[in-house]
$ cat upload-v1.tsv   # TSV, N, CA and C atoms
chain	number	residue	atom	x	y	z
A	1	GLN	N	99.66	84.98	129.81
A	1	GLN	CA	100.09	85.02	128.41
A	1	GLN	C	99.87	86.41	127.86
A	2	VAL	N	100.90	86.92	127.17
A	2	VAL	CA	100.82	88.26	126.60
A	2	VAL	C	100.10	88.20	125.26
A	3	ARG	N	99.18	89.13	125.06
A	3	ARG	CA	98.45	89.21	123.80
A	3	ARG	C	98.47	90.64	123.31
A	4	LEU	N	98.73	90.82	122.02
A	4	LEU	CA	98.79	92.14	121.40
A	4	LEU	C	97.89	92.15	120.18
A	5	VAL	N	97.03	93.14	120.08
A	5	VAL	CA	96.12	93.23	118.94
A	5	VAL	C	96.16	94.64	118.37
A	6	GLU	N	96.66	94.76	117.14
A	6	GLU	CA	96.77	96.08	116.50
A	6	GLU	C	95.47	96.44	115.79
A	7	SER	N	95.26	97.73	115.65
A	7	SER	CA	94.17	98.26	114.84
A	7	SER	C	94.56	99.65	114.38
A	8	GLY	N	93.79	100.17	113.41
A	8	GLY	CA	94.02	101.54	112.95
A	8	GLY	C	94.78	101.65	111.65
A	9	GLY	N	95.21	100.54	111.09
A	9	GLY	CA	95.87	100.61	109.80
A	9	GLY	C	94.88	101.00	108.71
A	10	GLY	N	95.41	101.29	107.54
A	10	GLY	CA	94.53	101.65	106.43
A	10	GLY	C	95.29	102.40	105.36
A	11	SER	N	94.55	103.14	104.56
A	11	SER	CA	95.14	103.88	103.44
A	11	SER	C	95.02	105.37	103.69
A	12	VAL	N	96.05	106.09	103.29
A	12	VAL	CA	96.08	107.54	103.46
A	12	VAL	C	96.91	108.14	102.33
A	13	GLN	N	96.63	109.37	102.01
A	13	GLN	CA	97.42	110.04	100.97
A	13	GLN	C	98.72	110.58	101.57
A	14	SER	N	99.68	110.78	100.70
A	14	SER	CA	100.97	111.34	101.12
A	14	SER	C	100.76	112.64	101.89
A	15	GLY	N	101.44	112.75	103.02
A	15	GLY	CA	101.29	113.93	103.86
A	15	GLY	C	100.21	113.79	104.92
A	16	GLY	N	99.44	112.72	104.84
A	16	GLY	CA	98.36	112.51	105.79
A	16	GLY	C	98.82	111.85	107.08
A	17	SER	N	97.85	111.58	107.94
A	17	SER	CA	98.14	111.02	109.26
A	17	SER	C	97.30	109.77	109.52
A	18	LEU	N	97.85	108.90	110.33
A	18	LEU	CA	97.14	107.72	110.82
A	18	LEU	C	97.58	107.48	112.26
A	19	ARG	N	96.68	106.88	113.04
A	19	ARG	CA	97.06	106.48	114.39
A	19	ARG	C	96.83	104.98	114.54
A	20	LEU	N	97.90	104.29	114.87
A	20	LEU	CA	97.80	102.86	115.14
A	20	LEU	C	97.58	102.65	116.64
A	21	SER	N	96.81	101.63	116.96
A	21	SER	CA	96.58	101.25	118.34
A	21	SER	C	96.96	99.78	118.53
A	22	CYS	N	97.38	99.47	119.73
A	22	CYS	CA	97.73	98.09	120.06
A	22	CYS	C	97.21	97.81	121.47
A	23	GLU	N	96.14	97.04	121.54
A	23	GLU	CA	95.61	96.65	122.84
A	23	GLU	C	96.43	95.48	123.37
A	24	PHE	N	96.86	95.61	124.62
A	24	PHE	CA	97.69	94.55	125.18
A	24	PHE	C	97.11	93.98	126.46
A	25	SER	N	97.47	92.75	126.73
A	25	SER	CA	97.08	92.09	127.97
A	25	SER	C	98.20	91.14	128.37
A	26	GLY	N	98.29	90.88	129.67
A	26	GLY	CA	99.28	89.94	130.16
A	26	GLY	C	100.64	90.54	130.46
A	27	LEU	N	100.80	91.84	130.23
A	27	LEU	CA	102.08	92.49	130.55
A	27	LEU	C	102.03	92.94	132.00
A	28	THR	N	102.58	92.16	132.88
A	28	THR	CA	102.44	92.45	134.30
A	28	THR	C	103.69	93.04	134.93
A	29	SER	N	104.81	92.98	134.21
A	29	SER	CA	106.06	93.44	134.80
A	29	SER	C	106.15	94.96	134.79
A	30	ARG	N	106.70	95.50	135.86
A	30	ARG	CA	106.91	96.96	135.94
A	30	ARG	C	108.01	97.41	135.00
A	31	THR	N	108.81	96.48	134.54
A	31	THR	CA	109.91	96.83	133.64
A	31	THR	C	109.57	96.56	132.17
A	32	SER	N	108.30	96.30	131.89
A	32	SER	CA	107.93	95.98	130.51
A	32	SER	C	108.16	97.17	129.59
A	33	TYR	N	108.43	96.86	128.36
A	33	TYR	CA	108.59	97.90	127.35
A	33	TYR	C	107.90	97.46	126.07
A	34	MET	N	107.59	98.41	125.23
A	34	MET	CA	106.83	98.14	124.01
A	34	MET	C	107.39	98.94	122.85
A	35	GLY	N	107.11	98.48	121.66
A	35	GLY	CA	107.63	99.18	120.50
A	35	GLY	C	106.79	98.95	119.26
A	36	TRP	N	107.08	99.73	118.26
A	36	TRP	CA	106.48	99.58	116.93
A	36	TRP	C	107.58	99.29	115.92
A	37	PHE	N	107.28	98.34	115.05
A	37	PHE	CA	108.21	97.97	113.99
A	37	PHE	C	107.44	97.97	112.68
A	38	ARG	N	108.16	97.99	111.59
A	38	ARG	CA	107.51	97.90	110.29
A	38	ARG	C	108.35	97.03	109.36
A	39	GLN	N	107.66	96.47	108.41
A	39	GLN	CA	108.32	95.61	107.44
A	39	GLN	C	107.86	95.97	106.05
A	40	PHE	N	108.80	96.47	105.26
A	40	PHE	CA	108.52	96.78	103.86
A	40	PHE	C	108.54	95.48	103.07
A	41	GLN	N	107.82	95.45	101.97
A	41	GLN	CA	107.74	94.25	101.17
A	41	GLN	C	109.14	93.80	100.73
A	42	GLY	N	109.48	92.57	101.03
A	42	GLY	CA	110.77	92.03	100.63
A	42	GLY	C	111.94	92.45	101.48
A	43	LYS	N	111.67	93.17	102.56
A	43	LYS	CA	112.74	93.67	103.42
A	43	LYS	C	112.61	93.09	104.82
A	44	GLU	N	113.67	93.24	105.60
A	44	GLU	CA	113.62	92.82	106.98
A	44	GLU	C	112.86	93.86	107.81
A	45	ARG	N	112.37	93.39	108.93
A	45	ARG	CA	111.65	94.28	109.83
A	45	ARG	C	112.60	95.31	110.43
A	46	GLU	N	112.09	96.54	110.62
A	46	GLU	CA	112.93	97.60	111.21
A	46	GLU	C	112.19	98.28	112.35
A	47	GLY	N	112.96	98.75	113.31
A	47	GLY	CA	112.37	99.44	114.44
A	47	GLY	C	111.93	100.84	114.09
A	48	VAL	N	110.78	101.24	114.60
A	48	VAL	CA	110.23	102.57	114.36
A	48	VAL	C	110.30	103.41	115.63
A	49	ALA	N	109.79	102.88	116.73
A	49	ALA	CA	109.77	103.62	117.99
A	49	ALA	C	109.60	102.65	119.14
A	50	SER	N	110.08	103.06	120.29
A	50	SER	CA	109.95	102.22	121.49
A	50	SER	C	109.71	103.11	122.69
A	51	ILE	N	108.99	102.55	123.68
A	51	ILE	CA	108.75	103.26	124.92
A	51	ILE	C	108.98	102.30	126.08
A	52	VAL	N	109.72	102.77	127.08
A	52	VAL	CA	110.01	101.93	128.23
A	52	VAL	C	109.13	102.34	129.41
A	53	SER	N	109.24	101.61	130.50
A	53	SER	CA	108.28	101.75	131.59
A	53	SER	C	108.29	103.13	132.25
A	54	ASN	N	109.42	103.83	132.22
A	54	ASN	CA	109.46	105.16	132.84
A	54	ASN	C	109.01	106.26	131.88
A	55	GLY	N	108.59	105.85	130.68
A	55	GLY	CA	108.09	106.82	129.71
A	55	GLY	C	109.11	107.30	128.70
A	56	ASP	N	110.37	106.93	128.87
A	56	ASP	CA	111.38	107.33	127.90
A	56	ASP	C	111.07	106.68	126.54
A	57	THR	N	111.38	107.43	125.49
A	57	THR	CA	111.09	106.95	124.14
A	57	THR	C	112.34	107.06	123.27
A	58	VAL	N	112.33	106.29	122.22
A	58	VAL	CA	113.39	106.37	121.22
A	58	VAL	C	112.75	106.15	119.86
A	59	TYR	N	113.25	106.88	118.85
A	59	TYR	CA	112.68	106.82	117.51
A	59	TYR	C	113.77	106.53	116.48
A	60	ALA	N	113.37	105.88	115.41
A	60	ALA	CA	114.26	105.77	114.27
A	60	ALA	C	114.45	107.18	113.69
A	61	ALA	N	115.63	107.44	113.16
A	61	ALA	CA	115.93	108.77	112.63
A	61	ALA	C	114.95	109.18	111.54
A	62	SER	N	114.49	108.20	110.77
A	62	SER	CA	113.62	108.49	109.63
A	62	SER	C	112.23	108.98	110.04
A	63	VAL	N	111.83	108.73	111.28
A	63	VAL	CA	110.48	109.12	111.71
A	63	VAL	C	110.49	110.17	112.81
A	64	LYS	N	111.65	110.46	113.36
A	64	LYS	CA	111.74	111.41	114.46
A	64	LYS	C	111.17	112.76	114.06
A	65	GLY	N	110.30	113.29	114.91
A	65	GLY	CA	109.67	114.57	114.63
A	65	GLY	C	108.34	114.43	113.90
A	66	ARG	N	108.05	113.24	113.38
A	66	ARG	CA	106.77	113.01	112.67
A	66	ARG	C	105.89	111.97	113.38
A	67	PHE	N	106.51	111.00	114.02
A	67	PHE	CA	105.77	109.93	114.69
A	67	PHE	C	105.87	110.13	116.21
A	68	ILE	N	104.82	109.73	116.89
A	68	ILE	CA	104.81	109.81	118.35
A	68	ILE	C	104.30	108.50	118.92
A	69	ILE	N	105.08	107.89	119.80
A	69	ILE	CA	104.67	106.67	120.48
A	69	ILE	C	104.19	107.04	121.88
A	70	SER	N	103.11	106.40	122.31
A	70	SER	CA	102.61	106.64	123.66
A	70	SER	C	101.93	105.39	124.18
A	71	ARG	N	101.81	105.33	125.48
A	71	ARG	CA	101.24	104.14	126.12
A	71	ARG	C	100.28	104.58	127.19
A	72	ASP	N	99.07	104.08	127.15
A	72	ASP	CA	98.05	104.37	128.15
A	72	ASP	C	97.81	103.10	128.94
A	73	ASN	N	98.42	103.01	130.11
A	73	ASN	CA	98.30	101.78	130.89
A	73	ASN	C	96.88	101.56	131.42
A	74	ALA	N	96.17	102.64	131.69
A	74	ALA	CA	94.80	102.52	132.18
A	74	ALA	C	93.89	101.85	131.14
A	75	LYS	N	94.21	102.11	129.85
A	75	LYS	CA	93.43	101.51	128.76
A	75	LYS	C	94.14	100.31	128.15
A	76	SER	N	95.30	99.97	128.70
A	76	SER	CA	96.10	98.85	128.16
A	76	SER	C	96.28	98.96	126.66
A	77	THR	N	96.69	100.15	126.24
A	77	THR	CA	96.82	100.40	124.80
A	77	THR	C	98.09	101.18	124.50
A	78	LEU	N	98.77	100.74	123.47
A	78	LEU	CA	99.93	101.43	122.92
A	78	LEU	C	99.50	102.13	121.65
A	79	PHE	N	100.01	103.33	121.43
A	79	PHE	CA	99.63	104.10	120.23
A	79	PHE	C	100.87	104.48	119.42
A	80	LEU	N	100.64	104.68	118.14
A	80	LEU	CA	101.65	105.28	117.28
A	80	LEU	C	100.93	106.29	116.40
A	81	GLN	N	101.15	107.56	116.69
A	81	GLN	CA	100.61	108.63	115.87
A	81	GLN	C	101.61	108.90	114.75
A	82	MET	N	101.16	108.76	113.52
A	82	MET	CA	102.04	108.93	112.36
A	82	MET	C	101.56	110.12	111.55
A	83	ASN	N	102.41	111.12	111.42
A	83	ASN	CA	102.09	112.34	110.69
A	83	ASN	C	103.00	112.50	109.48
A	84	ALA	N	102.56	113.29	108.54
A	84	ALA	CA	103.36	113.57	107.33
A	84	ALA	C	103.86	112.29	106.70
A	85	LEU	N	102.98	111.34	106.51
A	85	LEU	CA	103.37	110.04	105.97
A	85	LEU	C	103.82	110.14	104.52
A	86	LYS	N	104.73	109.27	104.16
A	86	LYS	CA	105.32	109.26	102.82
A	86	LYS	C	104.97	107.94	102.13
A	87	PRO	N	104.87	107.94	100.83
A	87	PRO	CA	104.55	106.69	100.11
A	87	PRO	C	105.53	105.56	100.42
A	88	GLU	N	106.78	105.91	100.63
A	88	GLU	CA	107.79	104.87	100.91
A	88	GLU	C	107.64	104.27	102.30
A	89	GLU	N	106.69	104.77	103.08
A	89	GLU	CA	106.44	104.21	104.40
A	89	GLU	C	105.30	103.20	104.37
A	90	THR	N	104.86	102.86	103.19
A	90	THR	CA	103.89	101.78	103.03
A	90	THR	C	104.53	100.49	103.52
A	91	ALA	N	103.88	99.83	104.48
A	91	ALA	CA	104.48	98.64	105.11
A	91	ALA	C	103.45	98.00	106.02
A	92	ILE	N	103.82	96.86	106.55
A	92	ILE	CA	103.05	96.25	107.64
A	92	ILE	C	103.69	96.72	108.93
A	93	TYR	N	102.87	97.25	109.81
A	93	TYR	CA	103.36	97.77	111.09
A	93	TYR	C	102.99	96.80	112.20
A	94	TYR	N	103.98	96.49	113.04
A	94	TYR	CA	103.79	95.52	114.11
A	94	TYR	C	103.99	96.17	115.48
A	95	CYS	N	103.17	95.77	116.40
A	95	CYS	CA	103.33	96.11	117.81
A	95	CYS	C	104.12	94.99	118.47
A	96	ALA	N	105.01	95.33	119.39
A	96	ALA	CA	105.81	94.33	120.07
A	96	ALA	C	105.97	94.70	121.54
A	97	ALA	N	106.24	93.69	122.36
A	97	ALA	CA	106.37	93.92	123.79
A	97	ALA	C	107.32	92.90	124.42
A	98	ASP	N	107.81	93.27	125.58
A	98	ASP	CA	108.63	92.34	126.37
A	98	ASP	C	108.48	92.74	127.83
A	99	ASN	N	108.64	91.74	128.72
A	99	ASN	CA	108.52	92.05	130.15
A	99	ASN	C	109.77	92.69	130.72
A	100	GLY	N	110.82	92.79	129.95
A	100	GLY	CA	112.01	93.52	130.35
A	100	GLY	C	112.92	92.75	131.29
A	101	PRO	N	113.87	93.45	131.93
A	101	PRO	CA	114.07	94.90	131.87
A	101	PRO	C	114.70	95.36	130.56
A	102	PRO	N	114.52	96.63	130.21
A	102	PRO	CA	115.09	97.14	128.97
A	102	PRO	C	116.58	97.34	129.08
A	103	GLY	N	117.23	97.40	127.92
A	103	GLY	CA	118.64	97.74	127.88
A	103	GLY	C	118.80	99.23	127.66
A	104	VAL	N	119.95	99.63	127.17
A	104	VAL	CA	120.14	101.04	126.85
A	104	VAL	C	119.14	101.44	125.78
A	105	LEU	N	118.69	102.67	125.86
A	105	LEU	CA	117.52	103.09	125.09
A	105	LEU	C	117.68	102.87	123.59
A	106	PHE	N	118.84	103.19	123.04
A	106	PHE	CA	118.97	103.12	121.59
A	106	PHE	C	118.87	101.70	121.08
A	107	ARG	N	119.07	100.72	121.96
A	107	ARG	CA	118.97	99.32	121.53
A	107	ARG	C	117.54	98.81	121.57
A	108	GLN	N	116.62	99.62	122.01
A	108	GLN	CA	115.23	99.20	122.08
A	108	GLN	C	114.58	99.12	120.69
A	109	LEU	N	115.29	99.51	119.65
A	109	LEU	CA	114.75	99.38	118.29
A	109	LEU	C	115.23	98.10	117.63
A	110	ASP	N	115.88	97.26	118.39
A	110	ASP	CA	116.33	95.95	117.90
A	110	ASP	C	115.22	94.93	118.16
A	111	ASP	N	114.69	94.34	117.11
A	111	ASP	CA	113.54	93.45	117.29
A	111	ASP	C	113.89	92.19	118.08
A	112	ARG	N	115.17	91.88	118.22
A	112	ARG	CA	115.56	90.70	118.99
A	112	ARG	C	115.30	90.89	120.47
A	113	ARG	N	115.02	92.11	120.89
A	113	ARG	CA	114.77	92.39	122.30
A	113	ARG	C	113.32	92.15	122.70
A	114	TYR	N	112.48	91.74	121.74
A	114	TYR	CA	111.05	91.62	122.01
A	114	TYR	C	110.60	90.17	121.90
A	115	SER	N	109.78	89.75	122.88
A	115	SER	CA	109.32	88.36	122.92
A	115	SER	C	107.92	88.18	122.34
A	116	TYR	N	107.15	89.26	122.33
A	116	TYR	CA	105.74	89.15	121.95
A	116	TYR	C	105.43	90.10	120.80
A	117	TRP	N	104.60	89.59	119.88
A	117	TRP	CA	104.31	90.36	118.66
A	117	TRP	C	102.83	90.30	118.33
A	118	GLY	N	102.33	91.40	117.77
A	118	GLY	CA	100.98	91.42	117.26
A	118	GLY	C	100.94	90.85	115.85
A	119	GLN	N	99.75	90.86	115.28
A	119	GLN	CA	99.56	90.23	113.98
A	119	GLN	C	99.93	91.15	112.82
A	120	GLY	N	100.11	92.42	113.09
A	120	GLY	CA	100.47	93.38	112.05
A	120	GLY	C	99.28	94.13	111.49
A	121	ALA	N	99.54	95.36	111.07
A	121	ALA	CA	98.50	96.20	110.47
A	121	ALA	C	99.07	96.84	109.20
A	122	GLN	N	98.35	96.71	108.11
A	122	GLN	CA	98.83	97.27	106.84
A	122	GLN	C	98.60	98.78	106.82
A	123	VAL	N	99.63	99.49	106.47
A	123	VAL	CA	99.54	100.94	106.25
A	123	VAL	C	99.97	101.20	104.81
A	124	THR	N	99.10	101.85	104.05
A	124	THR	CA	99.37	102.16	102.65
A	124	THR	C	99.28	103.66	102.45
A	125	VAL	N	100.36	104.23	101.94
A	125	VAL	CA	100.41	105.68	101.69
A	125	VAL	C	100.51	105.89	100.19
A	126	SER	N	99.52	106.56	99.63
A	126	SER	CA	99.50	106.77	98.19
A	126	SER	C	100.01	108.17	97.84
A	127	SER	N	100.62	108.28	96.68
A	127	SER	CA	101.19	109.57	96.27
A	127	SER	C	100.18	110.43	95.54

$ encode --input "upload-v1.tsv" --output "structure tokens"
Amino acid sequence: QVRLVESGGGSVQSGGSLRLSCEFSGLTSRTSYMGWFRQFQGKEREGVASIVSNGDTVYAASVKGRFIISRDNAKSTLFLQMNALKPEETAIYYCAADNGPPGVLFRQLDDRRYSYWGQGAQVTVSS
């Protein structure tokens, strides 16, 4: 059974940085892929970043150049380094995973491609 547990959420001022972590277990497939999503209050969930098994990554246009997704398999942890945060990025951030195989890279930001989800971590950016 796949289990995902996020940590690292919190409050930060505009322009600041936060790093989210997602400890995972049960992902045994070599084709597994993982991603980060966020949900603004009253809005649908949107893809932020995804990483596939060969290390390729894809980012939403709104975060490209500021956010970095990485995966440490030795520590069974997925990370999202978020820099230059904006108040409008206040949201609940979710870690997600699937045993794959992945599709074309740009479609990895579609939440329908993921079977497993963490509980979410609140990120609040104040102005």

$ residues_around --input "upload-v1.tsv" --residues "stretch 105-107 of chain A" --least-positions-apart "2" --cutoff "9 Å" --atoms "only C-alpha atoms" --output "list in words"
Ser50, Ile51, Val52, Asp56, Thr57, Val58, Tyr59, Pro102, Gly103, Leu109, Asp110 and Arg113 of chain A

$ closest_residue --input "upload-v1.tsv" --among "A:Leu27, A:Asp111, A:Val63, A:Ala121" --to "A:Glu46" --atoms "all atoms listed in the file"
A:Asp111

$ atom_distance --input "upload-v1.tsv" --atom1 "atom CA of A:Ser25" --atom2 "atom CA of A:Gln41"
28.9 Å

$ residues_near_point --input "upload-v1.tsv" --point "(98.1, 98.2, 111.6)" --cutoff "8 Å" --atoms "all atoms listed in the file" --output "list in words"
Val5, Glu6, Ser7, Gly8, Gly9, Gly10, Arg19, Leu20, Ser21, Ala91, Ile92, Tyr93, Tyr94, Cys95, Gln119, Gly120, Ala121, Gln122 and Val123 of chain A

$ atom_distance --input "upload-v1.tsv" --atom1 "atom CA of A:Cys22" --atom2 "atom N of A:Phe67"
16.7 Å

$ atom_distance --input "upload-v1.tsv" --atom1 "atom CA of A:Gln13" --atom2 "atom CA of A:Gln39"
19.2 Å

$ select_by_dssp --input "upload-v1.tsv" --residues "chain A" --states "helix (DSSP H, G or I)" --output "VMD selection string"
chain A and resid 87 to 89 105 to 109 111 to 113

$ decode --input "upload-v1.tsv" --residues "stretch 72-90 of chain A" --atoms "N, CA, C and O atoms" --output "compact mmCIF listing (two decimals), in the first residue's frame"
# COMPACT_ATOMS: atom_id res chain seq x y z
N ASP A 72 14.47 11.97 -3.65
CA ASP A 72 15.59 11.24 -3.09
C ASP A 72 15.10 9.84 -2.76
O ASP A 72 14.45 9.62 -1.74
N ASN A 73 15.39 8.90 -3.63
CA ASN A 73 14.88 7.54 -3.43
C ASN A 73 15.52 6.86 -2.22
O ASN A 73 14.90 6.03 -1.57
N ALA A 74 16.76 7.20 -1.93
CA ALA A 74 17.44 6.60 -0.78
C ALA A 74 16.74 6.98 0.53
O ALA A 74 16.70 6.19 1.48
N LYS A 75 16.16 8.20 0.55
CA LYS A 75 15.44 8.66 1.74
C LYS A 75 13.93 8.53 1.57
O LYS A 75 13.17 8.94 2.46
N SER A 76 13.51 8.00 0.43
CA SER A 76 12.07 7.85 0.15
C SER A 76 11.32 9.15 0.39
O SER A 76 10.28 9.19 1.07
N THR A 77 11.87 10.22 -0.17
CA THR A 77 11.28 11.54 0.06
C THR A 77 11.24 12.35 -1.23
O THR A 77 12.21 12.37 -1.99
N LEU A 78 10.12 12.99 -1.44
CA LEU A 78 9.93 13.94 -2.53
C LEU A 78 9.99 15.34 -1.94
O LEU A 78 9.48 15.57 -0.83
N PHE A 79 10.61 16.26 -2.66
CA PHE A 79 10.74 17.64 -2.17
C PHE A 79 10.15 18.63 -3.17
O PHE A 79 10.11 18.37 -4.37
N LEU A 80 9.74 19.76 -2.64
CA LEU A 80 9.39 20.89 -3.47
C LEU A 80 9.98 22.13 -2.82
O LEU A 80 9.53 22.58 -1.77
N GLN A 81 11.03 22.65 -3.44
CA GLN A 81 11.64 23.89 -2.98
C GLN A 81 10.91 25.05 -3.64
O GLN A 81 10.87 25.13 -4.87
N MET A 82 10.34 25.92 -2.83
CA MET A 82 9.55 27.03 -3.35
C MET A 82 10.23 28.33 -2.98
O MET A 82 10.42 28.63 -1.80
N ASN A 83 10.62 29.10 -3.99
CA ASN A 83 11.31 30.37 -3.80
C ASN A 83 10.47 31.53 -4.33
O ASN A 83 9.59 31.32 -5.16
N ALA A 84 10.77 32.70 -3.86
CA ALA A 84 10.07 33.91 -4.31
C ALA A 84 8.57 33.73 -4.26
O ALA A 84 7.85 34.04 -5.22
N LEU A 85 8.07 33.25 -3.15
CA LEU A 85 6.64 32.97 -3.01
C LEU A 85 5.81 34.25 -3.03
O LEU A 85 6.27 35.31 -2.58
N LYS A 86 4.61 34.12 -3.54
CA LYS A 86 3.69 35.25 -3.69
C LYS A 86 2.46 35.01 -2.83
O LYS A 86 2.04 33.86 -2.64
N PRO A 87 1.83 36.06 -2.36
CA PRO A 87 0.62 35.88 -1.53
C PRO A 87 -0.46 35.07 -2.22
O PRO A 87 -1.18 34.30 -1.56
N GLU A 88 -0.57 35.22 -3.53
CA GLU A 88 -1.61 34.48 -4.26
C GLU A 88 -1.30 32.99 -4.38
O GLU A 88 -2.10 32.24 -4.94
N GLU A 89 -0.16 32.57 -3.86
CA GLU A 89 0.18 31.15 -3.87
C GLU A 89 -0.19 30.48 -2.55
O GLU A 89 0.15 29.32 -2.32
N THR A 90 -0.89 31.20 -1.70
CA THR A 90 -1.44 30.61 -0.49
C THR A 90 -2.43 29.53 -0.88
O THR A 90 -3.38 29.79 -1.63
